[in-house]
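What's in coords_13.csv: CSV, C-alpha atoms
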```csv
chain,number,residue,atom,x,y,z
A,289,MET,CA,8.4,24.4,-0.7
A,290,ALA,CA,6.2,23.2,2.1
A,291,GLN,CA,2.5,23.0,1.4
A,292,GLN,CA,0.3,25.5,3.3
A,293,ARG,CA,-2.1,23.7,5.6
A,294,ALA,CA,-5.8,24.2,4.9
A,295,ALA,CA,-7.7,25.9,7.6
A,296,ARG,CA,-10.1,23.8,9.6
A,297,VAL,CA,-13.8,24.4,9.3
A,298,THR,CA,-15.1,26.4,12.3
A,299,ILE,CA,-18.5,27.0,13.8
A,300,ARG,CA,-18.3,30.5,12.5
A,301,ASP,CA,-18.0,29.2,8.9
A,302,ILE,CA,-21.1,27.1,9.4
A,303,ALA,CA,-23.0,29.9,10.9
A,304,GLU,CA,-22.2,32.3,8.1
A,305,ARG,CA,-23.2,29.7,5.5
A,306,ALA,CA,-26.5,28.9,7.3
A,307,GLY,CA,-27.3,32.5,8.2
A,308,VAL,CA,-27.7,31.8,11.9
A,309,SER,CA,-25.8,32.6,15.1
A,310,LYS,CA,-22.8,30.6,16.3
A,311,GLY,CA,-25.0,29.7,19.3
A,312,ALA,CA,-27.6,28.1,17.1
A,313,VAL,CA,-24.9,26.1,15.3
A,314,SER,CA,-23.5,25.0,18.7
A,315,TYR,CA,-26.9,23.8,19.8
A,316,ALA,CA,-27.5,21.9,16.6
A,317,LEU,CA,-24.1,20.2,16.5
A,318,ASN,CA,-24.3,19.2,20.1
A,319,GLY,CA,-27.9,17.9,19.9
A,320,ARG,CA,-29.2,20.5,22.4
A,321,PRO,CA,-32.6,22.1,22.3
A,322,GLY,CA,-32.9,25.7,21.2
A,323,VAL,CA,-33.3,25.4,17.4
A,324,SER,CA,-36.1,24.1,15.2
A,325,THR,CA,-35.9,20.7,13.5
A,326,ASP,CA,-35.6,22.3,10.1
A,327,THR,CA,-32.8,24.6,11.2
A,328,ARG,CA,-31.0,21.7,12.9
A,329,ASP,CA,-31.2,19.6,9.8
A,330,ARG,CA,-29.9,22.5,7.6
A,331,ILE,CA,-27.0,23.2,9.9
A,332,LEU,CA,-26.0,19.5,10.1
A,333,ALA,CA,-26.2,19.3,6.3
A,334,ILE,CA,-23.9,22.3,5.9
A,335,ALA,CA,-21.5,21.0,8.5
A,336,ASP,CA,-21.3,17.7,6.6
A,337,GLU,CA,-20.8,19.6,3.2
A,338,LEU,CA,-18.0,21.7,4.6
A,339,GLY,CA,-16.3,18.7,6.2
A,340,TRP,CA,-16.6,19.8,9.8
A,341,TYR,CA,-15.6,17.5,12.7
A,342,PRO,CA,-15.3,18.3,16.4
A,343,ASN,CA,-11.6,19.1,17.2
A,344,ARG,CA,-11.2,17.1,20.4
A,345,ALA,CA,-7.6,18.1,20.9
A,346,ALA,CA,-8.5,21.8,20.5
A,347,ARG,CA,-11.0,21.4,23.3
A,348,ALA,CA,-8.2,20.4,25.6
A,349,LEU,CA,-5.3,22.4,24.3
A,350,SER,CA,-5.4,24.0,20.9
A,351,ALA,CA,-1.6,24.0,20.4
A,352,ALA,CA,-1.0,20.4,21.5
A,353,ARG,CA,0.0,17.7,19.2
A,354,ALA,CA,-1.8,14.4,18.9
A,355,ASP,CA,1.4,12.5,19.4
A,356,ALA,CA,0.1,9.9,17.0
A,357,CYS,CA,0.7,9.0,13.3
A,358,GLY,CA,-1.8,7.2,11.1
A,359,LEU,CA,-1.9,4.3,8.7
A,360,VAL,CA,-5.1,3.5,6.7
A,361,LEU,CA,-5.2,0.2,4.8
A,362,ALA,CA,-7.8,-0.2,2.0
A,363,ARG,CA,-7.4,-4.0,1.9
A,364,PRO,CA,-9.5,-6.9,3.3
A,365,ALA,CA,-8.6,-7.9,6.8
A,366,ARG,CA,-8.2,-11.6,5.7
A,367,THR,CA,-5.5,-10.6,3.3
A,368,LEU,CA,-3.6,-8.5,5.8
A,369,ALA,CA,-3.7,-11.3,8.4
A,370,PHE,CA,-1.4,-13.4,6.2
A,371,GLU,CA,0.6,-10.7,4.4
A,372,PRO,CA,4.2,-10.6,5.8
A,373,PHE,CA,5.0,-7.3,4.1
A,374,PHE,CA,2.6,-5.3,6.3
A,375,MET,CA,3.6,-7.1,9.5
A,376,GLU,CA,7.3,-6.3,8.9
A,377,PHE,CA,6.6,-2.7,7.7
A,378,ILE,CA,4.5,-1.9,10.7
A,379,ALA,CA,7.2,-3.4,13.0
A,380,GLY,CA,9.6,-0.9,11.5
A,381,VAL,CA,7.2,2.0,11.9
A,382,GLU,CA,6.4,1.0,15.5
A,383,SER,CA,10.1,0.7,16.5
A,384,GLU,CA,10.7,4.3,15.4
A,385,LEU,CA,7.6,5.7,16.9
A,386,ALA,CA,7.9,3.9,20.2
A,387,ALA,CA,11.3,5.4,20.7
A,388,ARG,CA,9.7,8.8,20.7
A,389,SER,CA,6.5,7.8,22.7
A,390,ILE,CA,4.3,8.4,19.6
A,391,ALA,CA,1.4,6.1,18.9
A,392,LEU,CA,0.4,4.5,15.7
A,393,THR,CA,-3.3,4.6,14.7
A,394,ILE,CA,-4.3,1.9,12.2
A,395,GLN,CA,-7.7,1.7,10.4
A,396,LEU,CA,-8.9,-0.7,7.8
A,397,VAL,CA,-11.3,0.6,5.2
A,398,ARG,CA,-13.1,-0.9,2.2
A,399,ASN,CA,-11.9,1.5,-0.6
A,400,VAL,CA,-10.0,4.7,-1.4
A,401,ARG,CA,-13.2,6.8,-0.9
A,402,ASP,CA,-13.5,5.5,2.7
A,403,GLU,CA,-9.8,6.1,3.2
A,404,ILE,CA,-10.1,9.8,2.2
A,405,ALA,CA,-13.0,10.1,4.6
A,406,VAL,CA,-10.8,8.8,7.4
A,407,TYR,CA,-8.1,11.4,6.5
A,408,ARG,CA,-10.7,14.2,6.7
A,409,ARG,CA,-12.0,13.0,10.0
A,410,TRP,CA,-8.5,12.5,11.5
A,411,TRP,CA,-7.4,16.0,10.5
A,412,GLY,CA,-10.6,17.6,11.6
A,413,GLU,CA,-10.5,16.0,15.0
A,414,HIS,CA,-6.7,16.3,15.3
A,415,ARG,CA,-6.4,12.6,15.8
A,416,VAL,CA,-3.0,12.3,14.1
A,417,ASP,CA,-0.1,14.6,13.3
A,418,GLY,CA,0.7,12.9,10.0
A,419,VAL,CA,0.0,9.7,7.9
A,420,LEU,CA,1.8,7.1,5.9
A,421,MET,CA,0.0,6.5,2.6
A,422,VAL,CA,0.5,3.0,1.1
A,423,ASP,CA,-0.5,1.3,-2.1
A,424,LEU,CA,0.1,4.3,-4.3
A,425,ARG,CA,-2.3,4.1,-7.3
A,426,VAL,CA,-2.1,5.5,-10.8
A,427,GLU,CA,-3.8,9.0,-10.8
A,428,ASP,CA,-4.3,8.6,-7.0
A,429,PRO,CA,-7.0,10.9,-5.6
A,430,ARG,CA,-5.6,10.6,-2.1
A,431,VAL,CA,-2.5,12.7,-3.0
A,432,ASP,CA,-4.5,15.8,-3.9
A,433,GLU,CA,-6.8,15.3,-0.9
A,434,LEU,CA,-3.9,15.1,1.5
A,435,VAL,CA,-2.3,18.2,0.0
A,436,GLN,CA,-5.6,20.1,0.2
A,437,LEU,CA,-6.0,19.1,3.8
A,438,GLY,CA,-2.5,20.1,4.7
A,439,LEU,CA,-2.1,16.9,6.6
A,440,PRO,CA,1.6,15.9,6.7
A,441,ALA,CA,2.1,12.7,4.8
A,442,VAL,CA,4.7,10.4,3.2
A,443,VAL,CA,3.8,8.2,0.2
A,444,ILE,CA,5.1,4.7,0.3
A,445,GLY,CA,6.2,4.1,-3.3
A,446,GLY,CA,6.8,6.3,-6.2
A,447,PRO,CA,8.5,8.5,-7.0
A,448,LEU,CA,5.6,10.9,-7.7
A,449,GLU,CA,5.8,12.7,-11.0
A,450,SER,CA,5.1,16.0,-9.2
A,451,ALA,CA,6.7,16.4,-5.8
A,452,VAL,CA,3.6,17.5,-4.0
A,453,LEU,CA,4.2,15.0,-1.2
A,454,PRO,CA,7.4,13.4,-0.1
A,455,SER,CA,7.7,9.7,-1.0
A,456,ILE,CA,10.0,6.8,0.0
A,457,TRP,CA,10.6,4.3,-2.7
A,458,HIS,CA,13.1,1.9,-4.3
A,459,ASP,CA,13.8,0.6,-7.8
A,460,GLU,CA,11.2,-2.0,-8.6
A,461,ALA,CA,12.1,-2.6,-12.2
A,462,SER,CA,15.8,-3.6,-12.2
A,463,VAL,CA,15.3,-6.5,-9.8
A,464,VAL,CA,12.5,-7.9,-12.0
A,465,THR,CA,14.8,-7.7,-15.0
A,466,GLU,CA,17.5,-9.5,-13.0
A,467,ALA,CA,15.0,-12.3,-12.0
A,468,VAL,CA,13.8,-12.8,-15.6
A,469,GLN,CA,17.4,-12.9,-16.9
A,470,TYR,CA,18.3,-15.5,-14.2
A,471,LEU,CA,15.4,-17.7,-15.3
A,472,ALA,CA,16.4,-17.3,-18.9
A,473,ALA,CA,19.9,-18.3,-18.0
A,474,LEU,CA,18.5,-21.5,-16.5
A,475,GLY,CA,16.9,-22.3,-19.8
A,476,HIS,CA,13.3,-21.2,-19.2
A,477,THR,CA,11.7,-19.9,-22.3
A,478,ARG,CA,8.1,-19.6,-21.2
A,479,VAL,CA,7.7,-17.6,-17.9
A,480,ALA,CA,4.7,-16.1,-16.1
A,481,HIS,CA,4.2,-13.2,-13.7
A,482,VAL,CA,1.4,-13.5,-11.1
A,483,SER,CA,1.0,-9.8,-10.1
A,484,GLY,CA,-0.8,-7.8,-7.5
A,485,VAL,CA,-3.5,-5.1,-8.2
A,486,ALA,CA,-2.8,-3.6,-11.6
A,487,ASP,CA,-3.8,-0.1,-10.4
A,488,PHE,CA,-1.0,0.0,-7.9
A,489,VAL,CA,2.1,1.9,-9.2
A,490,HIS,CA,4.6,-0.6,-7.9
A,491,THR,CA,2.6,-3.4,-9.7
A,492,MET,CA,2.7,-1.4,-12.9
A,493,GLN,CA,6.4,-0.8,-12.6
A,494,ARG,CA,7.1,-4.5,-12.0
A,495,THR,CA,4.8,-5.6,-14.8
A,496,ASP,CA,6.2,-3.2,-17.3
A,497,ALA,CA,9.7,-4.4,-16.4
A,498,PHE,CA,8.6,-8.0,-16.8
A,499,HIS,CA,7.2,-7.4,-20.3
A,500,LYS,CA,10.3,-5.6,-21.4
A,501,ALA,CA,12.7,-8.2,-20.1
A,502,VAL,CA,10.7,-11.0,-21.7
A,503,ARG,CA,10.6,-9.1,-25.0
A,504,ASP,CA,14.4,-8.3,-24.9
A,505,LEU,CA,15.3,-11.9,-24.2
A,506,GLY,CA,12.9,-13.4,-26.8
A,507,LEU,CA,10.9,-15.4,-24.2
A,508,GLU,CA,7.2,-16.2,-24.1
A,509,GLY,CA,5.6,-14.4,-21.1
A,510,GLU,CA,2.2,-14.0,-19.5
A,511,VAL,CA,0.9,-11.8,-16.7
A,512,LEU,CA,-2.1,-12.7,-14.5
A,513,GLU,CA,-3.4,-10.0,-12.0
A,514,THR,CA,-4.6,-10.9,-8.5
A,515,ASP,CA,-5.9,-8.9,-5.5
A,516,TYR,CA,-3.0,-10.2,-3.4
A,517,SER,CA,-5.2,-12.7,-1.7
A,518,ALA,CA,-4.3,-16.4,-1.2
A,519,GLU,CA,-7.4,-17.3,-3.2
A,520,GLY,CA,-6.3,-15.0,-6.1
A,521,GLY,CA,-2.9,-16.6,-6.1
A,522,ALA,CA,-4.3,-20.1,-6.2
A,523,ARG,CA,-6.7,-19.3,-9.1
A,524,ALA,CA,-3.9,-17.7,-11.1
A,525,THR,CA,-1.5,-20.6,-10.6
A,526,ARG,CA,-4.2,-23.2,-11.5
A,527,ARG,CA,-5.0,-21.2,-14.7
A,528,LEU,CA,-1.4,-21.1,-15.7
A,529,LEU,CA,-0.7,-24.8,-15.2
A,530,SER,CA,-4.0,-25.8,-16.8
A,531,SER,CA,-2.9,-24.2,-20.1
A,532,PRO,CA,-1.9,-26.5,-23.0
A,533,THR,CA,1.5,-24.8,-22.9
A,534,PRO,CA,2.1,-24.0,-19.2
A,535,PRO,CA,5.1,-21.9,-18.1
A,536,SER,CA,8.1,-23.6,-16.6
A,537,ALA,CA,8.8,-20.7,-14.3
A,538,ILE,CA,6.5,-18.3,-12.4
A,539,LEU,CA,7.4,-15.0,-10.7
A,540,PHE,CA,5.0,-14.0,-7.9
A,541,ASP,CA,4.4,-10.5,-6.6
A,542,SER,CA,4.4,-11.4,-2.8
A,543,ASP,CA,5.3,-14.1,-0.4
A,544,LEU,CA,1.7,-15.0,0.2
A,545,LEU,CA,1.1,-15.5,-3.5
A,546,ALA,CA,4.3,-17.5,-3.9
A,547,VAL,CA,3.6,-19.9,-1.0
A,548,THR,CA,0.0,-20.4,-2.2
A,549,GLY,CA,1.3,-21.0,-5.7
A,550,LEU,CA,3.8,-23.5,-4.5
A,551,GLY,CA,1.0,-25.5,-2.8
A,552,VAL,CA,-1.1,-25.5,-6.0
A,553,VAL,CA,1.8,-26.6,-8.1
A,554,GLN,CA,2.5,-29.5,-5.9
A,555,ARG,CA,-1.2,-30.5,-5.5
A,556,MET,CA,-1.5,-30.5,-9.3
A,557,GLY,CA,1.2,-33.2,-9.5
A,558,PHE,CA,4.0,-30.9,-10.7
A,559,SER,CA,7.5,-31.0,-9.1
A,560,VAL,CA,9.2,-27.8,-7.8
A,561,PRO,CA,11.7,-27.1,-9.2
A,562,ASP,CA,12.0,-30.0,-11.8
A,563,ASP,CA,8.7,-29.1,-13.6
A,564,VAL,CA,8.1,-25.5,-12.4
A,565,SER,CA,10.5,-23.0,-10.9
A,566,ILE,CA,9.1,-20.4,-8.5
A,567,VAL,CA,10.4,-17.0,-7.5
A,568,GLY,CA,8.7,-15.1,-4.7
A,569,TRP,CA,8.8,-11.5,-3.4
A,570,ASP,CA,9.9,-10.0,-0.1
A,571,ASP,CA,11.5,-13.1,1.3
A,572,SER,CA,9.9,-13.4,4.7
A,573,LEU,CA,10.3,-16.4,7.0
A,574,ILE,CA,7.5,-18.3,5.3
A,575,SER,CA,9.5,-18.3,2.1
A,576,GLN,CA,12.4,-19.9,3.8
A,577,VAL,CA,10.7,-22.6,5.8
A,578,VAL,CA,8.5,-24.2,3.0
A,579,HIS,CA,9.8,-27.1,1.0
A,580,PRO,CA,11.6,-26.4,-1.2
A,581,PRO,CA,12.7,-23.0,0.2
A,582,LEU,CA,11.8,-20.2,-2.2
A,583,THR,CA,14.1,-18.2,-4.4
A,584,ALA,CA,12.9,-14.7,-3.7
A,585,ILE,CA,13.4,-11.0,-4.1
A,586,THR,CA,14.9,-10.0,-0.7
A,587,ARG,CA,14.5,-6.6,0.8
A,588,ASP,CA,14.7,-5.2,4.3
A,589,ILE,CA,11.0,-4.2,4.9
A,590,THR,CA,11.5,-3.3,8.6
A,591,ALA,CA,14.2,-0.8,7.6
A,592,TYR,CA,11.8,0.5,4.9
A,593,GLY,CA,9.2,1.2,7.6
A,594,ILE,CA,11.8,2.9,9.8
A,595,ALA,CA,13.0,5.1,6.9
A,596,ALA,CA,9.4,6.0,6.0
A,597,THR,CA,8.6,7.0,9.6
A,598,ARG,CA,11.7,9.1,10.0
A,599,ARG,CA,10.7,11.0,6.8
A,600,LEU,CA,7.2,11.5,8.1
A,601,LEU,CA,8.4,12.8,11.5
A,602,ALA,CA,10.6,15.3,9.6
A,603,ALA,CA,7.6,16.4,7.6
A,604,ILE,CA,5.6,16.9,10.7
A,605,ASP,CA,8.4,19.0,12.2
A,606,GLY,CA,8.6,21.0,8.9
A,607,GLU,CA,12.1,19.8,8.3
A,608,ALA,CA,13.8,17.9,5.5
A,609,GLU,CA,12.1,18.1,2.1
A,610,GLY,CA,12.2,15.7,-0.8
A,611,ASP,CA,12.0,12.0,-1.5
A,612,VAL,CA,14.0,9.2,0.0
A,613,GLU,CA,15.3,6.4,-2.3
A,614,THR,CA,16.1,3.2,-0.3
A,615,VAL,CA,18.1,0.1,-1.3
A,616,ARG,CA,16.3,-2.0,-3.9
A,617,GLY,CA,15.6,-5.7,-3.4
A,618,GLU,CA,18.1,-8.4,-4.4
A,619,LEU,CA,17.5,-11.8,-5.9
A,620,THR,CA,18.3,-14.6,-3.4
A,621,THR,CA,18.4,-18.1,-5.0
A,622,ARG,CA,17.3,-21.2,-3.2
A,623,GLY,CA,15.8,-24.6,-4.0
A,624,SER,CA,12.6,-23.5,-5.8
A,625,THR,CA,14.5,-22.7,-9.0
A,626,ALA,CA,16.6,-25.0,-11.2
A,627,ARG,CA,17.8,-25.4,-14.8
A,628,ARG,CA,15.0,-26.3,-17.2
A,629,ALA,CA,15.4,-29.9,-18.3
A,630,PRO,CA,15.4,-30.2,-22.1
A,631,VAL,CA,12.2,-31.6,-23.5
A,632,SER,CA,12.9,-35.0,-25.0
A,633,SER,CA,11.7,-35.7,-28.5
A,634,ARG,CA,9.3,-38.7,-29.0
```
Give the structure from this file in structure tokens form.
Amino acid sequence: MAQQRAARVTIRDIAERAGVSKGAVSYALNGRPGVSTDTRDRILAIADELGWYPNRAARALSAARADACGLVLARPARTLAFEPFFMEFIAGVESELAARSIALTIQLVRNVRDEIAVYRRWWGEHRVDGVLMVDLRVEDPRVDELVQLGLPAVVIGGPLESAVLPSIWHDEASVVTEAVQYLAALGHTRVAHVSGVADFVHTMQRTDAFHKAVRDLGLEGEVLETDYSAEGGARATRRLLSSPTPPSAILFDSDLLAVTGLGVVQRMGFSVPDDVSIVGWDDSLISQVVHPPLTAITRDITAYGIAATRRLLAAIDGEAEGDVETVRGELTTRGSTARRAPVSSR
């Protein structure tokens, strides 16, 4: 059942709370003379408390759509600049929106709290007709906020335990199991997983699958968390290879982490794949042009963005309900993985 949209806060609401006329509220909100400083401050405080924003679209045409969709990214700009996933995902989103003359509004923020503030402002000002929400977190506060606002949204990742918002997702666990089984078949008995942010649902799904696969196959396994940055990937790789018992194979949670890890492995004097096998994730062009080219989890991220956008546009139109499960990634083997050479006895 479609969620009922929350009513926007009006000047009347603020006037009733403040015990003043609508004209006084209008004067205060627009910075015009006619009210005392104390009254102005009280009105502005109440407006902020109620989450009021000027509805620019309503001033022109109350029934008009914004003809824009939104994407808020709570990640550092330096990470996004080198992250192939988002570039390919946005390409898919844009290709679908451009065909319908709909704009994509992107904003970077520092954290989830700031992201929620953007959603409130966008909805209050009617900047966008709907949003794509990425990096789903465990017990994510953004979900309840979007439902309360009534802002059409599609969650990238999932599925959600309660279907309060539609989500688009694919199986993250089975391909991790396949990758670990592949490494075990090559003779690797000590493997590591350099993951992304632990609070992300997709990271949790991959990490849980890694732990289970390692346990089921009787391998030794270790997981190191990163923030998805190149620096984080480098630190994790150095730490793993500086261990008295370093892993002979490492599974990375993104292309950026994997390519950074490859550079660290080689600078530390190890050979890929003779000493260390590497498996990346997403399989962008950079995975294929490095030496050796990386074995990776391959998925069509552009198609993922297209599917997510179609689902969002349907939600905006009040049409199709429910989640969309897309095709999972597949393991593509290349030169960065090889059979583990037996350790010679001395």
Using all atoms listed in the file, find each residue in range 437-533 of chain A having at least one atom no more than 10 Å away from range 354-370 of chain A; report its shortest atom-to-atom pair and that distance in Å (one decimal), rows by chain then rising number, as JSON lines.
```
{"residue": "A:Pro440", "atom": "CA", "partner": "A:Cys357", "partner_atom": "CA", "distance": 9.6}
{"residue": "A:Ala441", "atom": "CA", "partner": "A:Gly358", "partner_atom": "CA", "distance": 9.2}
{"residue": "A:Asp515", "atom": "CA", "partner": "A:Thr367", "partner_atom": "CA", "distance": 9.0}
{"residue": "A:Tyr516", "atom": "CA", "partner": "A:Thr367", "partner_atom": "CA", "distance": 7.2}
{"residue": "A:Ser517", "atom": "CA", "partner": "A:Thr367", "partner_atom": "CA", "distance": 5.4}
{"residue": "A:Ala518", "atom": "CA", "partner": "A:Thr367", "partner_atom": "CA", "distance": 7.4}
{"residue": "A:Glu519", "atom": "CA", "partner": "A:Thr367", "partner_atom": "CA", "distance": 9.5}
```
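Taking CA of Arg388 in chain A as the reference point, CA of Arg598 in chain A is found at 10.9 Å.
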### Query
Near range 489-493 of chain A, within 9 Å and counting all atoms listed in the file, which residues show up once chain neighbours fewer than 3 positions away are dropped, as a list in words?
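Contacts, with the query itself left out: Asp423, Leu424, Arg425, Val426, Gly445, Gly446, Asp459, Glu460, Ala461, Ser483, Gly484, Val485, Ala486, Asp496, Ala497, Phe498 and Asp541 of chain A.
With only C-alpha atoms as the atoms that count, the minimum distance from Pro581 in chain A to the choices A:Ile404, A:Ile538, A:Ala312, A:Val547 is reached by A:Val547.
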Env of range 600-612 of chain A: 10 Å cut, atoms = all atoms listed in the file, seq-sep filter 5 positions within chain, self excluded. Answer as a PDB file with C-alpha atoms, in the coordinates of the input.
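The result, stored in result05.pdb:
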```
ATOM      1  CA  MET A 289       8.400  24.400  -0.700  1.00  0.00           C
ATOM      2  CA  ALA A 290       6.200  23.200   2.100  1.00  0.00           C
ATOM      3  CA  GLN A 291       2.500  23.000   1.400  1.00  0.00           C
ATOM      4  CA  CYS A 357       0.700   9.000  13.300  1.00  0.00           C
ATOM      5  CA  GLU A 384      10.700   4.300  15.400  1.00  0.00           C
ATOM      6  CA  LEU A 385       7.600   5.700  16.900  1.00  0.00           C
ATOM      7  CA  ASP A 417      -0.100  14.600  13.300  1.00  0.00           C
ATOM      8  CA  GLY A 418       0.700  12.900  10.000  1.00  0.00           C
ATOM      9  CA  VAL A 419       0.000   9.700   7.900  1.00  0.00           C
ATOM     10  CA  LEU A 420       1.800   7.100   5.900  1.00  0.00           C
ATOM     11  CA  LEU A 439      -2.100  16.900   6.600  1.00  0.00           C
ATOM     12  CA  PRO A 440       1.600  15.900   6.700  1.00  0.00           C
ATOM     13  CA  ALA A 441       2.100  12.700   4.800  1.00  0.00           C
ATOM     14  CA  VAL A 442       4.700  10.400   3.200  1.00  0.00           C
ATOM     15  CA  VAL A 443       3.800   8.200   0.200  1.00  0.00           C
ATOM     16  CA  ILE A 444       5.100   4.700   0.300  1.00  0.00           C
ATOM     17  CA  GLY A 445       6.200   4.100  -3.300  1.00  0.00           C
ATOM     18  CA  GLY A 446       6.800   6.300  -6.200  1.00  0.00           C
ATOM     19  CA  PRO A 447       8.500   8.500  -7.000  1.00  0.00           C
ATOM     20  CA  LEU A 448       5.600  10.900  -7.700  1.00  0.00           C
ATOM     21  CA  ALA A 451       6.700  16.400  -5.800  1.00  0.00           C
ATOM     22  CA  VAL A 452       3.600  17.500  -4.000  1.00  0.00           C
ATOM     23  CA  LEU A 453       4.200  15.000  -1.200  1.00  0.00           C
ATOM     24  CA  PRO A 454       7.400  13.400  -0.100  1.00  0.00           C
ATOM     25  CA  SER A 455       7.700   9.700  -1.000  1.00  0.00           C
ATOM     26  CA  ILE A 456      10.000   6.800   0.000  1.00  0.00           C
ATOM     27  CA  TRP A 457      10.600   4.300  -2.700  1.00  0.00           C
ATOM     28  CA  HIS A 458      13.100   1.900  -4.300  1.00  0.00           C
ATOM     29  CA  ILE A 594      11.800   2.900   9.800  1.00  0.00           C
ATOM     30  CA  ALA A 595      13.000   5.100   6.900  1.00  0.00           C
TER      31      ALA A 595
END
```
### Task
May I have the protein, DNA and RNA residues with any atom at most 10 Å from the point (-16.5, 27.4, 14.9), counting only C-alpha atoms, written as an MDAnalysis selection string?
chainID A and resid 296:303 310:311 313:314 340 342:343
### Query
Could you state the separation of CA of Leu505 in chain A and CA of Leu474 in chain A in Å, given to one decimal place?
12.7 Å
### Task
Find, counting all atoms listed in the file, the residue in A:Glu618, A:Glu466, A:Asp570, A:Asp487 that gets nearest to Phe374 in chain A.
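When distances to Phe374 in chain A are compared using all atoms listed in the file, the smallest one comes from A:Asp570.
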### Query
So how far away is CA of Pro429 in chain A from CA of Ser450 in chain A, in Å?
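Between these atoms lies a distance of 13.6 Å.
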### Task
Write out as an NGL selection string the residues lying within 12 Å of Arg587 in chain A, counting only C-alpha atoms and excluding same-chain residues fewer than 4 positions away.
:A and (373 or 376-377 or 458-460 or 463 or 542-543 or 568-572 or 591-593 or 614-620)
### Message
Measuring between only C-alpha atoms, which one of A:Glu304, A:Glu508, A:Glu403, A:Glu449 shows the shortest distance to Leu338 in chain A?
### Response
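Answer, going by the shortest atom-to-atom distance: A:Glu304.
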Once you count all atoms listed in the file, what closest atom pair and distance in Å to one decimal does each residue of range 448-481 of chain A within 9 Å of range 621-631 of chain A have, with rows by chain and rising residue number, as a tab-separated table?
```
residue	atom	partner	partner_atom	distance
A:Leu471	CA	A:Arg627	CA	8.1
A:Ala473	CA	A:Arg627	CA	8.1
A:Leu474	CA	A:Arg627	CA	4.3
A:Gly475	CA	A:Arg628	CA	5.1
A:His476	CA	A:Arg628	CA	5.7
A:Thr477	CA	A:Arg628	CA	8.8
```
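Non-sequential neighbours of range 502-504 of chain A (distance at most 10 Å, separation of 3 or more positions within a chain, all atoms listed in the file) are Thr465, Val468, Gln469, Ala472, Thr477, Arg478, Val479, Ala480, Ala497, Phe498, His499, Leu507, Glu508, Gly509 and Glu510 of chain A.
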